[in-house]
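*Asks:* Mind having a look at this structure? Questions to follow.
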Amino acid sequence: GDHLQLRPKVEEYALSIDHSAQYALDVSLFERLVGLRQADRPAAGGGGADLNRDAQHQQDGSLATLATQRRMRPEIADLLRATLYPQLTDGPSVLNYPDVKGMARNLWFFDHNNYEDGVRDPESRSKSNEFEAKMIADLAKHIIKQGYPPDQIAVLTPYAGQLLKIRDILESKRIALYVDERSAAEATAVMKDSDKQIEFDNDDDVDDDGNNDGHDDGDHDNVPEPKNNKHPPSARVSRRPVSSAASSSSSSSSSSSSSSSSTNRKSIQPVKGPASVALQKCVRLSTVDNFQGEEAEVVIISTVRCNPKGITGFVKIANRVNVMMSRAKHGMYVMGSSYTIERQGKALVFMKMLEVMRERGEVMNYWPLRCARHPDTSMHARQPGDIDKLAPDGGCKEICGARMARCGHVCPLRCHPDDPQHVAIRCLSVCTRPREGCDHACPDLCWQPCSPCKVKMEFALPTCQHTSAQPCFMRDKLDTIKCSNLVSIIHPLCGHSIKIACHKAQTIARAVSQNDWWNVPELFHCGEKCGEQQLDGCGHKCVLPCHDCVRATVTSRRQQAAGPAATSTISTLLSPPRIHAKSCQKECDRPLLCGHGCKGVCHAASECPPCTSETCSTRCFHSKCTSPCRESCASCAEPCVWTCPHTPGAGAGAGGQLLVEGRCPLPCGSPCLRLPCDIRCDRKLRCGHQCPSVCGEDCPDPAVSCRECATPECKERIVDLIMMSSLADHDPSESPLIVLRCGHAFALDTIDEHVKLKEVYERDERRGIYTGLKPLPAHVLETPTCPHCRTPIADVKRFGRILKHTALVQATRKFIVGITTDTSAIDLDIEGINNEVQDWIRCLQDSKNIGNIRLEDVKAVVQDMDSIVDDSAYFVKKASDLHPVYRAYATAQATLRAARTHHSNDGDIDLDDSKKIEVDLLPLSHPSKPSPVAKIEADRCLVRSLGMKVVVGTLGAIVYSRAGPAGMKAAKKMISASEKDMTLFNKTCKDADRLCIESISGRSRHSLHRVWFQILLMRVAGMYYLRRDVTDNILSQAAKKDMQTKQIALVDDASQLGDHMGRHTPSLTVEVAKMIDEAKEMCKDIEGISLEEKKMIFNVMGRDVGTGVGSFGGHWYQCPNGHVYTIGECGGAMQQSTCPECGSTVGGGQHRLDQSNRVATDFLREVGGTR
C-alpha cells in the first residue's frame, strides 16, 4: 500500500486523526506499521516530518518504496519529488509525452482572488466558487476543441457543491459528462440538503488543537470541543448526518453509496449522460476522493477555497493533495488562491508545490493559451468568456483560410487545430455541383446533399396533353401526375353539366365504360343541387347536393336487386323516381295561429311544432305579452275599451242597463259581449275631413285613409274587394273603412266577410245590422290577416270577439303543449327508472341474486321517485288551476260581479237581470269548463309516477330488509308508505278514468289503462317477492295473509283492464293474456288448502315422521315464509336444502335448525297436533 494516499473514511470527524481528540480511527494498520504512531504524529496537514521519518525507515530497511513512476510527465512529477516522494524517478515512457495542444504550458496554477460563494453570506454553507467553475468550463471546452477525445479529460474538485456548479455550466455548453456513482450520490445529497451542505471528504477548518479557525464554513458540521474534553465521542452530540452517500472509501459504505447513487443518478446526470452517450465521448467529472486510482491525459482542478481568513480546508491534508496532484499524464491545470493557501501556513505540502511552480513561472492570474497553427500567438484568458473571444474555434482569431479539398471553397471558420483535413467542416457556401438531368443551379448549401430540383416547368401530360406546371424533378414521372385542369362534362348519373378536374373526368369515363362505376367516389361528386321533386307530396324541390341523392338511389336499388341484377346499368338503377338522401329540408313557413311562420323543417300541415319566435304576437290596447311565443299568455284583466253610444249592447232587455253607453262589460282579454256598430264615426281627422272609420274605432291616419288627403299611392289601393273600388272612388258614408295596423284600409263589408264576423254574431241581412251573439265555435279559428300583406290583424275593436277568442285558443294550445313537454320529460325519467326496476325483478326471480341489487342504487331511485311525484302533482295542479280559459272565465266572472256590486250600491241595477247576464250571456264567450286535454295528460303522468313509486317502494323494501337493523327499520317504513301510495294511486287512476269518460277521450283512456295495467302487474310481482323474501320480524304472518288477499284482488283488477285493452286494441290480446297468466302464477301459493285437507296431510305424514314433539323439538317446521315441511327420524336437522315454494333455506345441521326456520306451531294447533 501507500500510506501517503487517502486514508480510510470515518463518518464522525471527532474520530479522525485530524481532530484534537486523537482517536485516529482512520489510520490504517499499514500506516501504523510504517511507523506513524499516535505518540509522535506531526501537525495535521504536515508533510516535512513525514518525509524525514520515511527516509529513516528506508535506511533501516523497514520500508520499501517503488521509486519509478510511469504516469506523469516530469514537470508534474517534480511536485511530488519535492514534497512526498523524494526518491521518485521517471520511467522512459513519460519522457516523450507531447505538449498539451492549445496551451502554452503543460503545468499551470491559475492564481486568483475571487472569493468562494458564501464568504459574504455567513448563513451560507455551500463550498463552491462561481468564478473557478466558469473558467474551468471554458478551459475544458477549449481543450476539447484541440481534438482531444473527451474521455482523456478529467475535471476534479474536492467539493460536491462545486461539482454541481461545474456540471451545470458544462451542460449549458452542451458538453457530455460522465459522473461516477459515488460522486453522483454525493451531489444528490447536496441538492437534497442545500440549506446545510453535507461534506463527503471529511474536510474541516479547525486548527491542530481543535479550535475553530474563526469561520464556520460548514465543512464538517462539528460542534467545536475544548482541548481538555476527555469524554469519549459516543457521549458527545454531533450535528453531522450519517448518510450512506457520504462514504466512498470503506467497503461497507461503498456498497451503500452505490445503491443510493443508483436511485438518485437520474437527478444529477446531464441531458446526454452515460445512459445515452458512449463514455469515450464524455468528459470525466469527479470529486478528488472518488478519483483515487484513476488517471487522465489532461486534468483540470478547482481547489475552490478563496477567503480573506485563509481557511484552506481540503488542501492542507497531505494525503488528499497527493491524490489530487498525481492524476495527470500530459498536462495539469489548477485553479486556486495562493493567498488563501499560504495565509495560515497549514497547507505545507501544497505550499511547497506552489513554490516549485513559482520558480518555473507557472503561477499567474490567467490561462496561458497558444494557437497550435500559429505558435507565436500567445493569449491570456483572465475572465470567463475570454477564451471564446481569443480562440473561438480552438486556435486563435485568425481566419483559417484553408481551401477545403472536398469542394474547393475557403474554410468559413477561424483558426481551428482540430480537423486539419476539413473532413467534418460544413461548408456554408452555395452549392456549385452540377445537377443530373437538368441545368438548373442547386440552391442548397455546399455541405448539404443536393435536393431534387424544384424549379417549376411547363410539361404536356401524356394522358390528356394538358400543360401542367410541375417541379423539374418530375420530368421522368409525368405519367404519375393527376391533371388538375378543369374540364366540362355531362355527368353520366344525373345529367348536370359540371366542371371537374381532368383526372376525375378520366376516372369517370373509364369506370362507366367498364361498368364498374359504383365503387368510384369521383362519380358521386356533383356540386349542383338535386332539384328533383320530393316524394312526400309537399311540392318542394330537393335542395340537397345532387351526388347525395344519386348515391342514395343507387345504393337502394342495388340492395333491392338480386343476383346478376346487382350489376345493372346506370340507366336501370337511376330510373325515376329518384330516392332522396333525406326528407325535404325546406323550411315549412306555414302561418301559425300566432301569425308567425313555422320555422320547422317541411312536414304535414297538422304537425307544425310550437312557434320558436322569441316575441309573442299577442297584444291589446293596454299591454303586450313579453313572453316567448311558445309560452301560454295570461289574458288581459283590464276593462274592455270597446264602446260607442249607438249600440246599447247584447244584453238589451235582459239586463242591458249594465252595458252603460254600449260598453263591453268583460275584461279586455275576454271575447266581447257587445254588438258591432256599423255607423260612420262623426269625428274629424287632423286634416279636417270627417273620419272614414266606423264608430268605436280609433281615428286613423289621414295619409292612408282620407280619400282627399291620402298619398297618391294609398288613393290607388283597392279598399272594396267586392266592387274592386279604390280609396279615391269609395264613399265611406255608404260603407265606412277599417284601417289595419299595417296601414291598409278596407270597406266594412269586405273586411267583415274576410274575418268571418258572421261566425260569432247573428246578423239581420234584411236590415243590415248585427242582432245577437253566437256561441264561439268549437273549431280553431286562424288569426285573421291583412288581405294584401298577410300581416296579422290586431288592435281592431270591432273584431275583438274573434281576435280574443283566437288568442285564448292559441294560449290553450300553448298551454297543452307546455304540459305535454313537461310530462314527456318526466316520462323519460320514469322510463329509465322502469328499466332499472325490471332488472331488479329479474334478480328477485331467484332469491340468491338479491345481493346483486345495490342498496345505493335503491336509495337513489327512491329519492328520484319522490322528486318525480312532486313534479307530477304540480303539473296536475297547474293543468287544473292555470288553464288560460279557466283563468279568463274566472276573471270575467269576477269583473261582472264586481260591476254588479258597484251598481247595486247606487240603486241603478236590477240584481236579477245582472245575474241573468252572467248566467245566460257569459257562456257565449267562455266555456265554464276548459278543455280537459292538459288535465288528462297531467293525470296520466301522475298515475305513472305514483305507480312507479309504489313498485320501487315494494321492491326496495326487500333490499333494505337485508341491510342490518337500520335497513330492517327502513324496510318497514317503506312497506307502510307503499300501502298508502297504492291507495292514492287507485284513487288517482279512477279520477283520471272518470275524466276520460266524461271528455269522451277513448285514446287517452286506453293510454291510461295501459299504464294502470303495467303498474298493477309490477305491484303483484313486488308483493309476491316481498312475502317470499321478507322475514316475519319485518312483515308478520297476518300482514302476509292480508297481502295475499290484496295480491289476488290486484290480479282481478288487472284482468278487467286487460279485457278493456284487448277490446280497444285486439293486437294486444295475446300479450295481455300472457302477462295475466304470469301474475296468476305468482298467486299459486295463496290458493287455500282446506282444514280437512291439512288434517289428512298431517295424519298421513304423521305415520312416518310423528305427529308432535320429538327429541329435538318435533318433526313439523316452517321456512321463513311460512311454508310447512317435515324432518323424519329423530326430528333433528342434519342437512340444509331449499324450500320448493320460495327457495328459502330449510333444515340445518348437527341437529340444529337454521335460525331463520321455526317450529310450525300454528299448523300443529290448527290440525290438532300435540303442540
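For the C-alpha cells, the naming scheme is as follows: chains receive sequential letters (A, B, ...) according to their order of presentation, residues are indexed from 1 within each chain, and ligands are indexed from 1 in presentation order.
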Residues of stretch 794-830 of chain A within 8 Å of stretch 667-689 of chain A: nearest atom pair and distance (Å, one decimal) for each, counting only C-alpha atoms, sorted by chain and number, as CSV?
*Replies:*
residue,atom,partner,partner_atom,distance
A:Arg798,CA,A:Pro676,CA,5.9
A:Gly800,CA,A:Cys672,CA,6.0
A:Arg801,CA,A:Pro671,CA,4.2
A:Ile802,CA,A:Pro671,CA,6.9
A:Leu803,CA,A:Pro671,CA,7.7
A:Lys804,CA,A:Pro671,CA,5.1
A:His805,CA,A:Pro671,CA,5.5
*Asks:* Residues within 8 Å of stretch 69-72 of chain A, please, as a VMD selection string. Count only C-alpha atoms; anything in the same chain fewer than 4 positions from it doesn't count.
*Replies:* chain A and resid 76 to 77 88 to 94 326 to 330
*Asks:* Suppose you want the space between atom CA of A:Cys546 and atom CA of A:Cys588; what is it in Å?
*Replies:* 21.6 Å
*Asks:* Residues near A:His112, anyone? I mean within 8 Å using only C-alpha atoms, not counting same-chain ones fewer than 4 positions away, as a PyMOL selection string.
*Replies:* chain A and resi 335-338+365
*Asks:* Export N, CA, C and O atoms of the chosen residues as a PDB file, in the first residue's frame?
*Replies:*
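New file result20.pdb:
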ATOM      1  N   MET A 335      -6.680  25.652 -10.472  1.00  0.00           N
ATOM      2  CA  MET A 335      -7.156  26.987 -10.112  1.00  0.00           C
ATOM      3  C   MET A 335      -7.234  27.077  -8.599  1.00  0.00           C
ATOM      4  O   MET A 335      -7.732  26.168  -7.928  1.00  0.00           O
ATOM      5  N   GLY A 336      -6.799  28.200  -8.076  1.00  0.00           N
ATOM      6  CA  GLY A 336      -6.863  28.388  -6.637  1.00  0.00           C
ATOM      7  C   GLY A 336      -6.364  29.757  -6.250  1.00  0.00           C
ATOM      8  O   GLY A 336      -5.967  30.583  -7.087  1.00  0.00           O
ATOM      9  N   SER A 337      -6.359  30.011  -4.948  1.00  0.00           N
ATOM     10  CA  SER A 337      -5.893  31.286  -4.409  1.00  0.00           C
ATOM     11  C   SER A 337      -4.640  31.039  -3.587  1.00  0.00           C
ATOM     12  O   SER A 337      -4.702  30.423  -2.506  1.00  0.00           O
ATOM     13  N   SER A 338      -3.482  31.459  -4.083  1.00  0.00           N
ATOM     14  CA  SER A 338      -2.229  31.263  -3.349  1.00  0.00           C
ATOM     15  C   SER A 338      -2.264  32.032  -2.029  1.00  0.00           C
ATOM     16  O   SER A 338      -1.713  31.573  -1.019  1.00  0.00           O
ATOM     17  N   ASN A 365      -2.152  34.810 -13.038  1.00  0.00           N
ATOM     18  CA  ASN A 365      -3.603  35.038 -12.898  1.00  0.00           C
ATOM     19  C   ASN A 365      -4.312  34.952 -14.249  1.00  0.00           C
ATOM     20  O   ASN A 365      -5.144  35.773 -14.579  1.00  0.00           O
TER      21      ASN A 365
END
*Asks:* Would you mind listing what lies within 8 Å of stretch 292-300 of chain A as a VMD selection string, with only C-alpha atoms counted and same-chain residues fewer than 6 positions away left out?
*Replies:* chain A and resid 6 100 136 140 151 to 156 323 327 to 334
*Asks:* Using the selection just defined, write its residues with all heavy atoms as a compact mmCIF listing (two decimals), in the first residue's frame.
*Replies:*
# COMPACT_ATOMS: atom_id res chain seq x y z
N LEU A 6 -4.91 8.39 0.18
CA LEU A 6 -6.06 8.68 1.05
C LEU A 6 -6.20 7.65 2.15
O LEU A 6 -5.99 6.46 1.96
CB LEU A 6 -7.35 8.69 0.23
CG LEU A 6 -7.54 9.85 -0.74
CD1 LEU A 6 -8.86 9.69 -1.47
CD2 LEU A 6 -7.49 11.17 0.00
N VAL A 100 0.64 19.71 -24.36
CA VAL A 100 -0.82 19.86 -24.45
C VAL A 100 -1.12 20.87 -25.54
O VAL A 100 -0.63 22.01 -25.51
CB VAL A 100 -1.41 20.30 -23.10
CG1 VAL A 100 -2.91 20.52 -23.24
CG2 VAL A 100 -1.12 19.28 -22.03
N ILE A 136 -13.00 27.04 -15.48
CA ILE A 136 -12.66 25.64 -15.76
C ILE A 136 -13.51 25.10 -16.89
O ILE A 136 -13.04 24.35 -17.75
CB ILE A 136 -12.82 24.82 -14.46
CG1 ILE A 136 -11.61 25.09 -13.57
CG2 ILE A 136 -12.98 23.35 -14.75
CD1 ILE A 136 -11.66 24.39 -12.24
N ALA A 140 -12.07 23.52 -20.31
CA ALA A 140 -12.39 22.17 -20.77
C ALA A 140 -12.91 22.20 -22.21
O ALA A 140 -12.53 21.37 -23.04
CB ALA A 140 -13.44 21.55 -19.84
N ASP A 151 -12.95 11.70 -23.26
CA ASP A 151 -12.65 10.81 -22.15
C ASP A 151 -11.20 10.92 -21.69
O ASP A 151 -10.83 10.29 -20.69
CB ASP A 151 -12.98 9.37 -22.53
CG ASP A 151 -12.10 8.87 -23.68
OD1 ASP A 151 -11.72 9.68 -24.54
OD2 ASP A 151 -11.82 7.66 -23.71
N GLN A 152 -10.35 11.70 -22.42
CA GLN A 152 -8.98 11.93 -21.98
C GLN A 152 -8.87 13.16 -21.08
O GLN A 152 -7.79 13.55 -20.68
CB GLN A 152 -8.06 12.09 -23.19
CG GLN A 152 -7.91 10.83 -24.02
CD GLN A 152 -6.94 10.99 -25.17
OE1 GLN A 152 -6.32 12.05 -25.33
NE2 GLN A 152 -6.79 9.94 -25.98
N ILE A 153 -9.99 13.77 -20.78
CA ILE A 153 -10.02 15.00 -19.97
C ILE A 153 -10.79 14.70 -18.69
O ILE A 153 -11.87 14.10 -18.73
CB ILE A 153 -10.69 16.15 -20.73
CG1 ILE A 153 -9.98 16.39 -22.06
CG2 ILE A 153 -10.72 17.42 -19.89
CD1 ILE A 153 -10.71 17.35 -22.98
N ALA A 154 -10.23 15.12 -17.55
CA ALA A 154 -10.90 14.95 -16.26
C ALA A 154 -10.94 16.29 -15.54
O ALA A 154 -9.95 17.04 -15.56
CB ALA A 154 -10.19 13.90 -15.41
N VAL A 155 -12.08 16.58 -14.93
CA VAL A 155 -12.25 17.79 -14.14
C VAL A 155 -12.47 17.34 -12.69
O VAL A 155 -13.42 16.60 -12.40
CB VAL A 155 -13.44 18.63 -14.62
CG1 VAL A 155 -13.61 19.86 -13.73
CG2 VAL A 155 -13.23 19.05 -16.06
N LEU A 156 -11.57 17.77 -11.78
CA LEU A 156 -11.63 17.35 -10.38
C LEU A 156 -11.87 18.54 -9.47
O LEU A 156 -11.44 19.67 -9.76
CB LEU A 156 -10.32 16.66 -9.98
CG LEU A 156 -9.84 15.49 -10.84
CD1 LEU A 156 -8.55 14.92 -10.28
CD2 LEU A 156 -10.92 14.43 -10.92
N VAL A 323 -3.15 12.77 -3.84
CA VAL A 323 -4.04 12.18 -4.84
C VAL A 323 -4.39 13.19 -5.92
O VAL A 323 -4.34 12.91 -7.12
CB VAL A 323 -5.31 11.64 -4.15
CG1 VAL A 323 -6.32 11.18 -5.20
CG2 VAL A 323 -4.96 10.50 -3.21
N ARG A 327 -2.79 12.83 -10.71
CA ARG A 327 -3.69 12.13 -11.60
C ARG A 327 -3.42 12.42 -13.07
O ARG A 327 -3.87 11.68 -13.95
CB ARG A 327 -5.15 12.54 -11.32
CG ARG A 327 -5.66 12.31 -9.91
CD ARG A 327 -5.61 10.85 -9.52
NE ARG A 327 -4.42 10.56 -8.71
CZ ARG A 327 -4.01 9.34 -8.46
NH1 ARG A 327 -4.62 8.30 -8.97
NH2 ARG A 327 -2.93 9.14 -7.72
N ALA A 328 -2.67 13.49 -13.39
CA ALA A 328 -2.49 13.92 -14.78
C ALA A 328 -1.32 13.22 -15.44
O ALA A 328 -0.31 12.92 -14.80
CB ALA A 328 -2.30 15.42 -14.82
N LYS A 329 -1.46 12.98 -16.75
CA LYS A 329 -0.38 12.37 -17.52
C LYS A 329 0.35 13.43 -18.35
O LYS A 329 1.55 13.63 -18.21
CB LYS A 329 -0.95 11.29 -18.43
CG LYS A 329 -1.56 10.11 -17.67
CD LYS A 329 -2.24 9.12 -18.60
CE LYS A 329 -1.24 8.43 -19.50
NZ LYS A 329 -1.89 7.40 -20.36
N HIS A 330 -0.37 14.12 -19.26
CA HIS A 330 0.27 15.07 -20.16
C HIS A 330 0.24 16.50 -19.62
O HIS A 330 1.17 17.28 -19.88
CB HIS A 330 -0.40 15.04 -21.53
CG HIS A 330 -0.28 13.73 -22.22
ND1 HIS A 330 -0.90 13.45 -23.42
CD2 HIS A 330 0.40 12.60 -21.90
CE1 HIS A 330 -0.61 12.22 -23.79
NE2 HIS A 330 0.16 11.68 -22.88
N GLY A 331 -0.84 16.89 -18.97
CA GLY A 331 -0.95 18.27 -18.52
C GLY A 331 -1.89 18.38 -17.33
O GLY A 331 -2.86 17.63 -17.21
N MET A 332 -1.58 19.36 -16.47
CA MET A 332 -2.42 19.58 -15.29
C MET A 332 -2.57 21.08 -15.10
O MET A 332 -1.59 21.84 -15.10
CB MET A 332 -1.78 18.96 -14.05
CG MET A 332 -2.63 19.11 -12.79
SD MET A 332 -1.99 18.17 -11.39
CE MET A 332 -0.45 19.06 -11.08
N TYR A 333 -3.86 21.50 -14.90
CA TYR A 333 -4.16 22.92 -14.78
C TYR A 333 -5.01 23.10 -13.53
O TYR A 333 -6.09 22.52 -13.39
CB TYR A 333 -4.89 23.42 -16.03
CG TYR A 333 -4.04 23.19 -17.27
CD1 TYR A 333 -4.18 22.03 -18.04
CD2 TYR A 333 -3.06 24.12 -17.63
CE1 TYR A 333 -3.39 21.81 -19.13
CE2 TYR A 333 -2.26 23.89 -18.74
CZ TYR A 333 -2.42 22.74 -19.48
OH TYR A 333 -1.62 22.51 -20.56
N VAL A 334 -4.46 23.91 -12.61
CA VAL A 334 -5.06 24.05 -11.28
C VAL A 334 -5.51 25.49 -11.10
O VAL A 334 -4.81 26.43 -11.49
CB VAL A 334 -4.06 23.66 -10.18
CG1 VAL A 334 -4.74 23.66 -8.82
CG2 VAL A 334 -3.43 22.30 -10.48
*Asks:* With DSSP run on the backbone, what are the alpha helix (DSSP H) residues within stretch 726-838 of chain A? I'd like them as a count of residues only.
*Replies:* 47
*Asks:* May I ask which of the residues A:Glu1141, A:Ile143, A:Thr750, A:Arg1019 is the closest one to A:Met724, counting only C-alpha atoms?
*Replies:* A:Thr750
*Asks:* Which distance in Å separates atom CA of A:Phe875 and atom CA of A:Asp991, to one decimal?
*Replies:*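 It comes out at 15.6 Å.
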*Asks:* Quick one: pick out all strand (DSSP E) residues within stretch 656-887 of chain A from a backbone DSSP run and write them as a list in words.
*Replies:*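 DSSP on the backbone gives strand (DSSP E) at Ile718, Val719, Asp720, Ser725, Ser726, Leu737, Ile738, Val739, Ala745, Phe746, Ala747, Tyr761, Glu762, Arg763, Asp764, Ile769, Tyr770, Thr771, Gly772 and Leu773 of chain A.
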